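Colleague: Quick one: the structure is below, questions incoming.
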Amino acid sequence: MRRRWLVGTVALALLLAACGGDDEGGGGAGGGAEQQYSLTLIQGVKGDQFYVTMQCGAQEAAAAAGATLEVTAPDEFDASLQTPVVNAVVAKKPDAILVAPTDTQAMIPPLTQAKAAGIKLVFVDTTTENGAELAESEIASDNEEGGREAARSLAELTGGKGSVLVINVKPGISTTDARAKGFEEEIKKTPGLKYIGQEYSNDKPETAAAKTTAALAAHPDLVGIFGTNLFSAEGAATGLRSAGAAEKVKIVGFDAGPKQVEDLEQGIVQALIAQKPADIGKAGVEQAIAALKGEPVQKKIGTGFVVVTKENMNDPDVKPFLYKSSC
């Protein structure tokens with residue numbers, strides 16, 4: 001009798017232990033499911049079609065990977081406005097941040113704090129002076145080569161004679177500084193063109209327009225303008241229109257937003273150096289997730305660019321690189 005009681009007790013204990021094991025491993029059935037990572041994209045500035053198009057590529061890649069993606073941006077391309085945006089995102093503790101730093105130096109402290117909080121960083125488009133140290137990956141166009149291509153295009157469009165101007169954003173932005181550098185180096189190869197330096201738009205089309213009209217008054221032989229980003233090129237075109245100089249002065253602009261493409265169609269702008277922002281966003285998500293999984297990442301990725309003209313803008317190989325105003 002006692003033996004039967006012991007056997008029953010042992011059987012019951014084994015049964016309870018098995019049940020208890022199931023309770024403790026309640027997630028065990030789904031334990032093999034892939035983790036859903038949380039990502040945030042911090043754009044350089046709100047409303048810029050370059051960053052909107054980047055967002056579209058990032059959203060597509062995040063959806064394919066089963067990750068969540070939030071998007072935020074400062075109202076202006078300014079480190080003092082982007083810093084609190086970064087700090088607010090860090091407080092939410094996403095797994096990774098894709099960010100376009102608005103200044104090579106000023107954005108180092110907040111992004112260093114983000115990394116110290118255990119958040120993986122991927123730099124998209126722009127970078128910092130210590131980007132290789134801070135970021136898992138840096139993804140951008142070959143901006144110096146884009147600037148050189150702008151100089152070659154402008155030399156051809158102007159016949160190689162007269163004064164040329166660069167309208168840049170502001171000093172201290174890795175991408176636009178590189179474009180201006182490439183332009184300055186390449187334009188020297190055309191001795192008939194006089195490079196009269198840079199003016200800064202602070203990423204405001206109205207400022208770029210004012211700088212353009214002032215340059216026309218100061219330099220009657222002005223024949224060409226290189227706008228280093230979307231708003232600088234847009235503003236230059238507006239300035240030429242208002243001064244009645246659209247036929248006299250040629251514009252090569254960086255980026256290919258809807259307004260720039262419209263200016264290209266109307267012949268106010270003669271060439272656009274279109275980046276591939278959707279590819280940058282897509283690669284940013286892919287590299288962030290690889291870093292989170294402990295998989296190999298590419299420290300630097302170059303996405304290239306396409307030269308868009310009125311003649312080729314509708315070509316199937318070119319049209320996909322025109323920017324979007326919404327996803």
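Residues are referred to by chain and number: the chain letter is A, B, ... according to the order shown in the structure tokens, the number counts from 1 in that chain, and ligands are numbered separately from 1 in the order shown.
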Neighbours of region 37-46 of chain A within 6 Å (only C-alpha atoms; same-chain residues fewer than 2 positions away dropped), as a ChimeraX atom specification?
Modeller: /A:48,67-77,94-100,102
Colleague: With N, CA and C atoms retained, write the just-selected residues as a PDB file, in the first residue's frame.
Modeller:
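Dumped everything to out-v6.pdb:
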ATOM      1  N   ASP A  48      12.047  68.743 -46.517  1.00  0.00           N
ATOM      2  CA  ASP A  48      12.987  68.658 -47.640  1.00  0.00           C
ATOM      3  C   ASP A  48      12.717  67.358 -48.387  1.00  0.00           C
ATOM      4  N   ALA A  67      10.542  45.621 -38.720  1.00  0.00           N
ATOM      5  CA  ALA A  67      10.941  46.604 -37.715  1.00  0.00           C
ATOM      6  C   ALA A  67       9.983  47.789 -37.722  1.00  0.00           C
ATOM      7  N   THR A  68       9.924  48.513 -36.613  1.00  0.00           N
ATOM      8  CA  THR A  68       9.139  49.743 -36.570  1.00  0.00           C
ATOM      9  C   THR A  68      10.067  50.918 -36.861  1.00  0.00           C
ATOM     10  N   LEU A  69       9.538  51.937 -37.509  1.00  0.00           N
ATOM     11  CA  LEU A  69      10.337  53.118 -37.845  1.00  0.00           C
ATOM     12  C   LEU A  69       9.548  54.372 -37.532  1.00  0.00           C
ATOM     13  N   GLU A  70      10.106  55.214 -36.656  1.00  0.00           N
ATOM     14  CA  GLU A  70       9.555  56.548 -36.417  1.00  0.00           C
ATOM     15  C   GLU A  70      10.440  57.559 -37.139  1.00  0.00           C
ATOM     16  N   VAL A  71       9.843  58.670 -37.546  1.00  0.00           N
ATOM     17  CA  VAL A  71      10.577  59.698 -38.289  1.00  0.00           C
ATOM     18  C   VAL A  71      10.341  61.051 -37.631  1.00  0.00           C
ATOM     19  N   THR A  72      11.424  61.790 -37.449  1.00  0.00           N
ATOM     20  CA  THR A  72      11.315  63.121 -36.861  1.00  0.00           C
ATOM     21  C   THR A  72      12.394  64.012 -37.460  1.00  0.00           C
ATOM     22  N   ALA A  73      12.248  65.331 -37.264  1.00  0.00           N
ATOM     23  CA  ALA A  73      13.209  66.274 -37.853  1.00  0.00           C
ATOM     24  C   ALA A  73      13.062  67.638 -37.199  1.00  0.00           C
ATOM     25  N   PRO A  74      14.134  68.431 -37.182  1.00  0.00           N
ATOM     26  CA  PRO A  74      14.007  69.821 -36.736  1.00  0.00           C
ATOM     27  C   PRO A  74      13.332  70.661 -37.819  1.00  0.00           C
ATOM     28  N   ASP A  75      12.842  71.825 -37.435  1.00  0.00           N
ATOM     29  CA  ASP A  75      12.170  72.710 -38.387  1.00  0.00           C
ATOM     30  C   ASP A  75      13.158  73.403 -39.323  1.00  0.00           C
ATOM     31  N   GLU A  76      14.410  73.529 -38.891  1.00  0.00           N
ATOM     32  CA  GLU A  76      15.444  74.114 -39.732  1.00  0.00           C
ATOM     33  C   GLU A  76      16.695  73.247 -39.649  1.00  0.00           C
ATOM     34  N   PHE A  77      17.546  73.371 -40.678  1.00  0.00           N
ATOM     35  CA  PHE A  77      18.789  72.599 -40.706  1.00  0.00           C
ATOM     36  C   PHE A  77      19.794  73.304 -39.805  1.00  0.00           C
ATOM     37  N   PRO A  94      15.089  53.921 -28.491  1.00  0.00           N
ATOM     38  CA  PRO A  94      14.942  52.990 -29.612  1.00  0.00           C
ATOM     39  C   PRO A  94      16.177  52.096 -29.697  1.00  0.00           C
ATOM     40  N   ASP A  95      16.085  51.030 -30.468  1.00  0.00           N
ATOM     41  CA  ASP A  95      17.240  50.143 -30.637  1.00  0.00           C
ATOM     42  C   ASP A  95      18.322  50.800 -31.479  1.00  0.00           C
ATOM     43  N   ALA A  96      17.909  51.587 -32.464  1.00  0.00           N
ATOM     44  CA  ALA A  96      18.885  52.238 -33.351  1.00  0.00           C
ATOM     45  C   ALA A  96      18.331  53.561 -33.850  1.00  0.00           C
ATOM     46  N   ILE A  97      19.256  54.479 -34.151  1.00  0.00           N
ATOM     47  CA  ILE A  97      18.894  55.771 -34.718  1.00  0.00           C
ATOM     48  C   ILE A  97      19.626  55.940 -36.035  1.00  0.00           C
ATOM     49  N   LEU A  98      18.880  56.267 -37.081  1.00  0.00           N
ATOM     50  CA  LEU A  98      19.450  56.719 -38.350  1.00  0.00           C
ATOM     51  C   LEU A  98      19.391  58.238 -38.309  1.00  0.00           C
ATOM     52  N   VAL A  99      20.505  58.915 -38.501  1.00  0.00           N
ATOM     53  CA  VAL A  99      20.513  60.360 -38.324  1.00  0.00           C
ATOM     54  C   VAL A  99      21.382  61.039 -39.371  1.00  0.00           C
ATOM     55  N   ALA A 100      20.923  62.208 -39.815  1.00  0.00           N
ATOM     56  CA  ALA A 100      21.699  63.071 -40.699  1.00  0.00           C
ATOM     57  C   ALA A 100      22.196  64.235 -39.853  1.00  0.00           C
ATOM     58  N   THR A 102      23.488  67.617 -38.538  1.00  0.00           N
ATOM     59  CA  THR A 102      23.437  68.920 -39.203  1.00  0.00           C
ATOM     60  C   THR A 102      24.717  69.737 -39.057  1.00  0.00           C
TER      61      THR A 102
END
Colleague: From a DSSP pass on the backbone, collect the residues of region 17-214 of chain A flagged as helix (DSSP H, G or I) and hand them back as a VMD selection string.
Modeller: chain A and resid 17 to 24 28 to 30 49 to 65 79 to 92 108 to 116 131 to 134 143 to 158 174 to 187 205 to 214
Colleague: Which is closest to Lys299 (chain A) among A:Lys189, A:Gln287, A:Gly253, A:Glu129, if we use only C-alpha atoms?
Modeller: A:Gln287
Colleague: Name all residues at most 9 Å from Lys310 (chain A) (count only C-alpha atoms; drop same-chain ones fewer than 6 positions away) and give them as a PDB file with C-alpha atoms, in the first residue's frame.
Modeller:
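Wrote out-v8.pdb, looks like this:
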ATOM      1  CA  VAL A 261      12.438  69.281 -61.823  1.00  0.00           C
ATOM      2  CA  LEU A 264      14.497  71.945 -65.336  1.00  0.00           C
ATOM      3  CA  GLU A 265      11.469  71.385 -67.576  1.00  0.00           C
ATOM      4  CA  GLN A 266      11.060  75.150 -68.033  1.00  0.00           C
ATOM      5  CA  GLY A 267      14.734  75.597 -68.901  1.00  0.00           C
ATOM      6  CA  VAL A 269      17.849  75.081 -64.499  1.00  0.00           C
ATOM      7  CA  GLN A 270      20.019  73.214 -66.986  1.00  0.00           C
ATOM      8  CA  ALA A 271      21.207  70.191 -64.976  1.00  0.00           C
TER       9      ALA A 271
END
Colleague: As a ChimeraX atom specification, please: all residues of region 146-307 of chain A that backbone DSSP puts in strand (DSSP E).
Modeller: /A:162-168,193-200,222-227,250-254,271-275,300-302,305-307
Colleague: When you look at Glu206 (chain A) with a cut-off of 9 Å (counting only C-alpha atoms), what residues show up, excluding the ones that are within fewer than 4 positions of it in the same chain? I need them as an NGL selection string.
Modeller: :A and (201 or 210-211 or 231-232 or 234-236 or 238-239)
Colleague: Those same residues, written as a PDB file, in the first residue's frame with N, CA and C atoms?
Modeller:
ATOM      1  N   SER A 201      23.107  80.269 -48.075  1.00  0.00           N
ATOM      2  CA  SER A 201      21.655  80.473 -48.053  1.00  0.00           C
ATOM      3  C   SER A 201      21.023  80.140 -46.711  1.00  0.00           C
ATOM      4  N   ALA A 210      17.961  86.114 -52.876  1.00  0.00           N
ATOM      5  CA  ALA A 210      18.533  87.439 -52.619  1.00  0.00           C
ATOM      6  C   ALA A 210      20.028  87.463 -52.933  1.00  0.00           C
ATOM      7  N   LYS A 211      20.730  86.396 -52.574  1.00  0.00           N
ATOM      8  CA  LYS A 211      22.170  86.314 -52.862  1.00  0.00           C
ATOM      9  C   LYS A 211      22.415  86.282 -54.372  1.00  0.00           C
ATOM     10  N   PHE A 231      17.324  73.567 -51.632  1.00  0.00           N
ATOM     11  CA  PHE A 231      16.802  74.910 -51.400  1.00  0.00           C
ATOM     12  C   PHE A 231      17.705  75.991 -51.997  1.00  0.00           C
ATOM     13  N   SER A 232      19.015  75.752 -52.022  1.00  0.00           N
ATOM     14  CA  SER A 232      19.928  76.735 -52.625  1.00  0.00           C
ATOM     15  C   SER A 232      19.685  76.841 -54.125  1.00  0.00           C
ATOM     16  N   GLU A 234      16.874  75.965 -55.746  1.00  0.00           N
ATOM     17  CA  GLU A 234      15.531  76.526 -55.946  1.00  0.00           C
ATOM     18  C   GLU A 234      15.573  78.052 -55.843  1.00  0.00           C
ATOM     19  N   GLY A 235      16.249  78.548 -54.799  1.00  0.00           N
ATOM     20  CA  GLY A 235      16.319  79.989 -54.585  1.00  0.00           C
ATOM     21  C   GLY A 235      17.079  80.696 -55.691  1.00  0.00           C
ATOM     22  N   ALA A 236      18.161  80.068 -56.182  1.00  0.00           N
ATOM     23  CA  ALA A 236      18.926  80.671 -57.278  1.00  0.00           C
ATOM     24  C   ALA A 236      18.046  80.837 -58.510  1.00  0.00           C
ATOM     25  N   THR A 238      14.791  81.157 -58.576  1.00  0.00           N
ATOM     26  CA  THR A 238      13.832  82.238 -58.297  1.00  0.00           C
ATOM     27  C   THR A 238      14.485  83.606 -58.491  1.00  0.00           C
ATOM     28  N   GLY A 239      15.725  83.748 -58.012  1.00  0.00           N
ATOM     29  CA  GLY A 239      16.445  85.012 -58.146  1.00  0.00           C
ATOM     30  C   GLY A 239      16.685  85.383 -59.599  1.00  0.00           C
TER      31      GLY A 239
END
Colleague: Which residues, written as JSON, numbers by chain, have at least one atom at most 9 Å from Arg179 (chain A), with only C-alpha atoms counted and residues fewer than 6 positions away on the same chain left out?
Modeller: {"A": [142, 143, 144, 145, 146, 147, 148, 150, 168, 228, 254]}
Colleague: Convert the current residue selection to file output with N, CA and C atoms, as a PDB file, in the first residue's frame.
Modeller:
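Generated output (out23.pdb):
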ATOM      1  N   ASP A 142      28.826  60.239 -53.195  1.00  0.00           N
ATOM      2  CA  ASP A 142      30.194  60.727 -53.365  1.00  0.00           C
ATOM      3  C   ASP A 142      30.076  62.219 -53.655  1.00  0.00           C
ATOM      4  N   ASN A 143      30.052  63.020 -52.604  1.00  0.00           N
ATOM      5  CA  ASN A 143      29.721  64.436 -52.744  1.00  0.00           C
ATOM      6  C   ASN A 143      30.790  65.247 -53.452  1.00  0.00           C
ATOM      7  N   GLU A 144      32.053  64.927 -53.226  1.00  0.00           N
ATOM      8  CA  GLU A 144      33.111  65.645 -53.939  1.00  0.00           C
ATOM      9  C   GLU A 144      33.009  65.408 -55.440  1.00  0.00           C
ATOM     10  N   GLU A 145      32.769  64.169 -55.812  1.00  0.00           N
ATOM     11  CA  GLU A 145      32.638  63.858 -57.239  1.00  0.00           C
ATOM     12  C   GLU A 145      31.398  64.534 -57.820  1.00  0.00           C
ATOM     13  N   GLY A 146      30.333  64.628 -57.025  1.00  0.00           N
ATOM     14  CA  GLY A 146      29.145  65.347 -57.476  1.00  0.00           C
ATOM     15  C   GLY A 146      29.439  66.810 -57.745  1.00  0.00           C
ATOM     16  N   GLY A 147      30.250  67.416 -56.875  1.00  0.00           N
ATOM     17  CA  GLY A 147      30.661  68.804 -57.098  1.00  0.00           C
ATOM     18  C   GLY A 147      31.518  68.954 -58.346  1.00  0.00           C
ATOM     19  N   ARG A 148      32.401  67.996 -58.572  1.00  0.00           N
ATOM     20  CA  ARG A 148      33.238  68.036 -59.778  1.00  0.00           C
ATOM     21  C   ARG A 148      32.381  67.903 -61.038  1.00  0.00           C
ATOM     22  N   ALA A 150      29.293  68.820 -61.313  1.00  0.00           N
ATOM     23  CA  ALA A 150      28.594  70.097 -61.474  1.00  0.00           C
ATOM     24  C   ALA A 150      29.488  71.105 -62.186  1.00  0.00           C
ATOM     25  N   ASN A 168      25.971  77.943 -51.336  1.00  0.00           N
ATOM     26  CA  ASN A 168      26.050  76.816 -50.415  1.00  0.00           C
ATOM     27  C   ASN A 168      25.032  77.011 -49.291  1.00  0.00           C
ATOM     28  N   THR A 228      24.339  74.063 -54.086  1.00  0.00           N
ATOM     29  CA  THR A 228      24.828  72.813 -53.505  1.00  0.00           C
ATOM     30  C   THR A 228      23.767  71.932 -52.863  1.00  0.00           C
ATOM     31  N   PHE A 254      22.261  70.735 -57.082  1.00  0.00           N
ATOM     32  CA  PHE A 254      22.321  69.419 -56.451  1.00  0.00           C
ATOM     33  C   PHE A 254      20.920  69.079 -55.962  1.00  0.00           C
TER      34      PHE A 254
END
Colleague: Nearest to Leu272 (chain A) among A:Val297, A:Leu322, A:Val223, A:Leu240, with distances taken over only C-alpha atoms: which residue is it?
Modeller: A:Leu322
Colleague: If I take CA of Ile301 (chain A) and CA of Ser141 (chain A), how far is one from the other in Å, to one decimal?
Modeller: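 So the answer is 8.2 Å.
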Colleague: For the interface of region 204-293 of chain A with region 131-140 of chain A (cut-off 12 Å, counting only C-alpha atoms), please tabulate each contacting residue of region 204-293 of chain A alongside its nearest pair of atoms and their separation in Å to one decimal, rows sorted by chain and increasing number, as a Markdown table.
Modeller:
| residue | atom | partner | partner_atom | distance |
| --- | --- | --- | --- | --- |
| A:Gln275 | CA | A:Ala140 | CA | 8.8 |
| A:Lys276 | CA | A:Ala140 | CA | 8.8 |
| A:Pro277 | CA | A:Ala140 | CA | 8.5 |
| A:Ala278 | CA | A:Ala140 | CA | 11.1 |
| A:Asp279 | CA | A:Ile139 | CA | 9.3 |
| A:Ile280 | CA | A:Ile139 | CA | 6.1 |
| A:Gly281 | CA | A:Ile139 | CA | 8.7 |
| A:Lys282 | CA | A:Ile139 | CA | 10.1 |
| A:Ala283 | CA | A:Ile139 | CA | 7.4 |
| A:Gly284 | CA | A:Ile139 | CA | 6.9 |
| A:Val285 | CA | A:Ser137 | CA | 10.4 |
| A:Glu286 | CA | A:Ser137 | CA | 10.2 |
| A:Gln287 | CA | A:Ser137 | CA | 6.7 |
| A:Ala288 | CA | A:Glu136 | CA | 7.4 |
| A:Ile289 | CA | A:Glu136 | CA | 10.4 |
| A:Ala290 | CA | A:Glu136 | CA | 9.6 |
| A:Ala291 | CA | A:Glu136 | CA | 6.9 |
| A:Leu292 | CA | A:Glu136 | CA | 9.8 |
Colleague: Please dump the current selection as a PDB file, in the first residue's frame; keep C-alpha atoms.
Modeller:
ATOM      1  CA  GLN A 275      21.351  61.674 -55.358  1.00  0.00           C
ATOM      2  CA  LYS A 276      19.718  58.367 -54.463  1.00  0.00           C
ATOM      3  CA  PRO A 277      18.098  59.165 -51.099  1.00  0.00           C
ATOM      4  CA  ALA A 278      15.745  56.172 -51.156  1.00  0.00           C
ATOM      5  CA  ASP A 279      18.797  53.921 -51.459  1.00  0.00           C
ATOM      6  CA  ILE A 280      20.444  55.761 -48.552  1.00  0.00           C
ATOM      7  CA  GLY A 281      17.372  55.198 -46.357  1.00  0.00           C
ATOM      8  CA  LYS A 282      17.108  51.545 -47.338  1.00  0.00           C
ATOM      9  CA  ALA A 283      20.793  50.873 -46.694  1.00  0.00           C
ATOM     10  CA  GLY A 284      20.571  52.735 -43.370  1.00  0.00           C
ATOM     11  CA  VAL A 285      17.867  50.415 -42.073  1.00  0.00           C
ATOM     12  CA  GLU A 286      19.679  47.330 -43.337  1.00  0.00           C
ATOM     13  CA  GLN A 287      22.960  48.322 -41.671  1.00  0.00           C
ATOM     14  CA  ALA A 288      21.230  49.249 -38.401  1.00  0.00           C
ATOM     15  CA  ILE A 289      19.519  45.875 -38.187  1.00  0.00           C
ATOM     16  CA  ALA A 290      22.719  44.030 -39.083  1.00  0.00           C
ATOM     17  CA  ALA A 291      24.505  45.873 -36.245  1.00  0.00           C
ATOM     18  CA  LEU A 292      21.707  45.011 -33.804  1.00  0.00           C
TER      19      LEU A 292
END
Colleague: Check the smallest atom-to-atom distance from each of A:Pro84, A:Ala64, A:Val166, A:Thr126 to Pro109 (chain A) using only C-alpha atoms, then report the winner.
Modeller: A:Pro84
Colleague: Name all residues at most 12 Å from Pro220 (chain A) (count only C-alpha atoms; drop same-chain ones fewer than 6 positions away) and give them as a list in words.
Modeller: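 Here the answer would be Gly162, Ser163, Val164, Thr212, Thr213, Ala214, Ala245, Lys248 and Val249 of chain A.
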Colleague: Any idea what the distance is between CA of Thr190 (chain A) and CA of Leu154 (chain A)?
Modeller: 10.1 Å
Colleague: Would you mind telling me which residue in A:Val124, A:Ala256, A:Leu157, A:Leu222 lies nearest to Ser174 (chain A) when using only C-alpha atoms?
Modeller: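 Counting only C-alpha atoms, the residue closest to Ser174 (chain A) is A:Val124.
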Colleague: Just give me the gap between CA of Val308 (chain A) and CA of Leu165 (chain A) in Å, one decimal is fine.
Modeller: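 Calculated distance between CA of Val308 (chain A) and CA of Leu165 (chain A) is 20.4 Å.
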Colleague: Which residues come within 10 Å of Pro171 (chain A), counting only C-alpha atoms, excluding same-chain residues fewer than 3 positions away, as an MDAnalysis selection string?
Modeller: chainID A and resid 103:104 168 174 176:177 200 202
Colleague: What would the file look like if the residues just selected were written as a PDB file, in the first residue's frame with C-alpha atoms?
Modeller:
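Below is the file that was written, part_27.pdb:
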ATOM      1  CA  ASP A 103      26.955  69.936 -38.143  1.00  0.00           C
ATOM      2  CA  THR A 104      30.253  68.068 -38.206  1.00  0.00           C
ATOM      3  CA  ASN A 168      26.050  76.816 -50.415  1.00  0.00           C
ATOM      4  CA  SER A 174      29.975  67.488 -44.362  1.00  0.00           C
ATOM      5  CA  THR A 176      27.710  70.440 -48.949  1.00  0.00           C
ATOM      6  CA  ASP A 177      31.256  71.367 -47.914  1.00  0.00           C
ATOM      7  CA  TYR A 200      25.429  80.933 -48.016  1.00  0.00           C
ATOM      8  CA  ASN A 202      21.225  78.979 -44.548  1.00  0.00           C
TER       9      ASN A 202
END
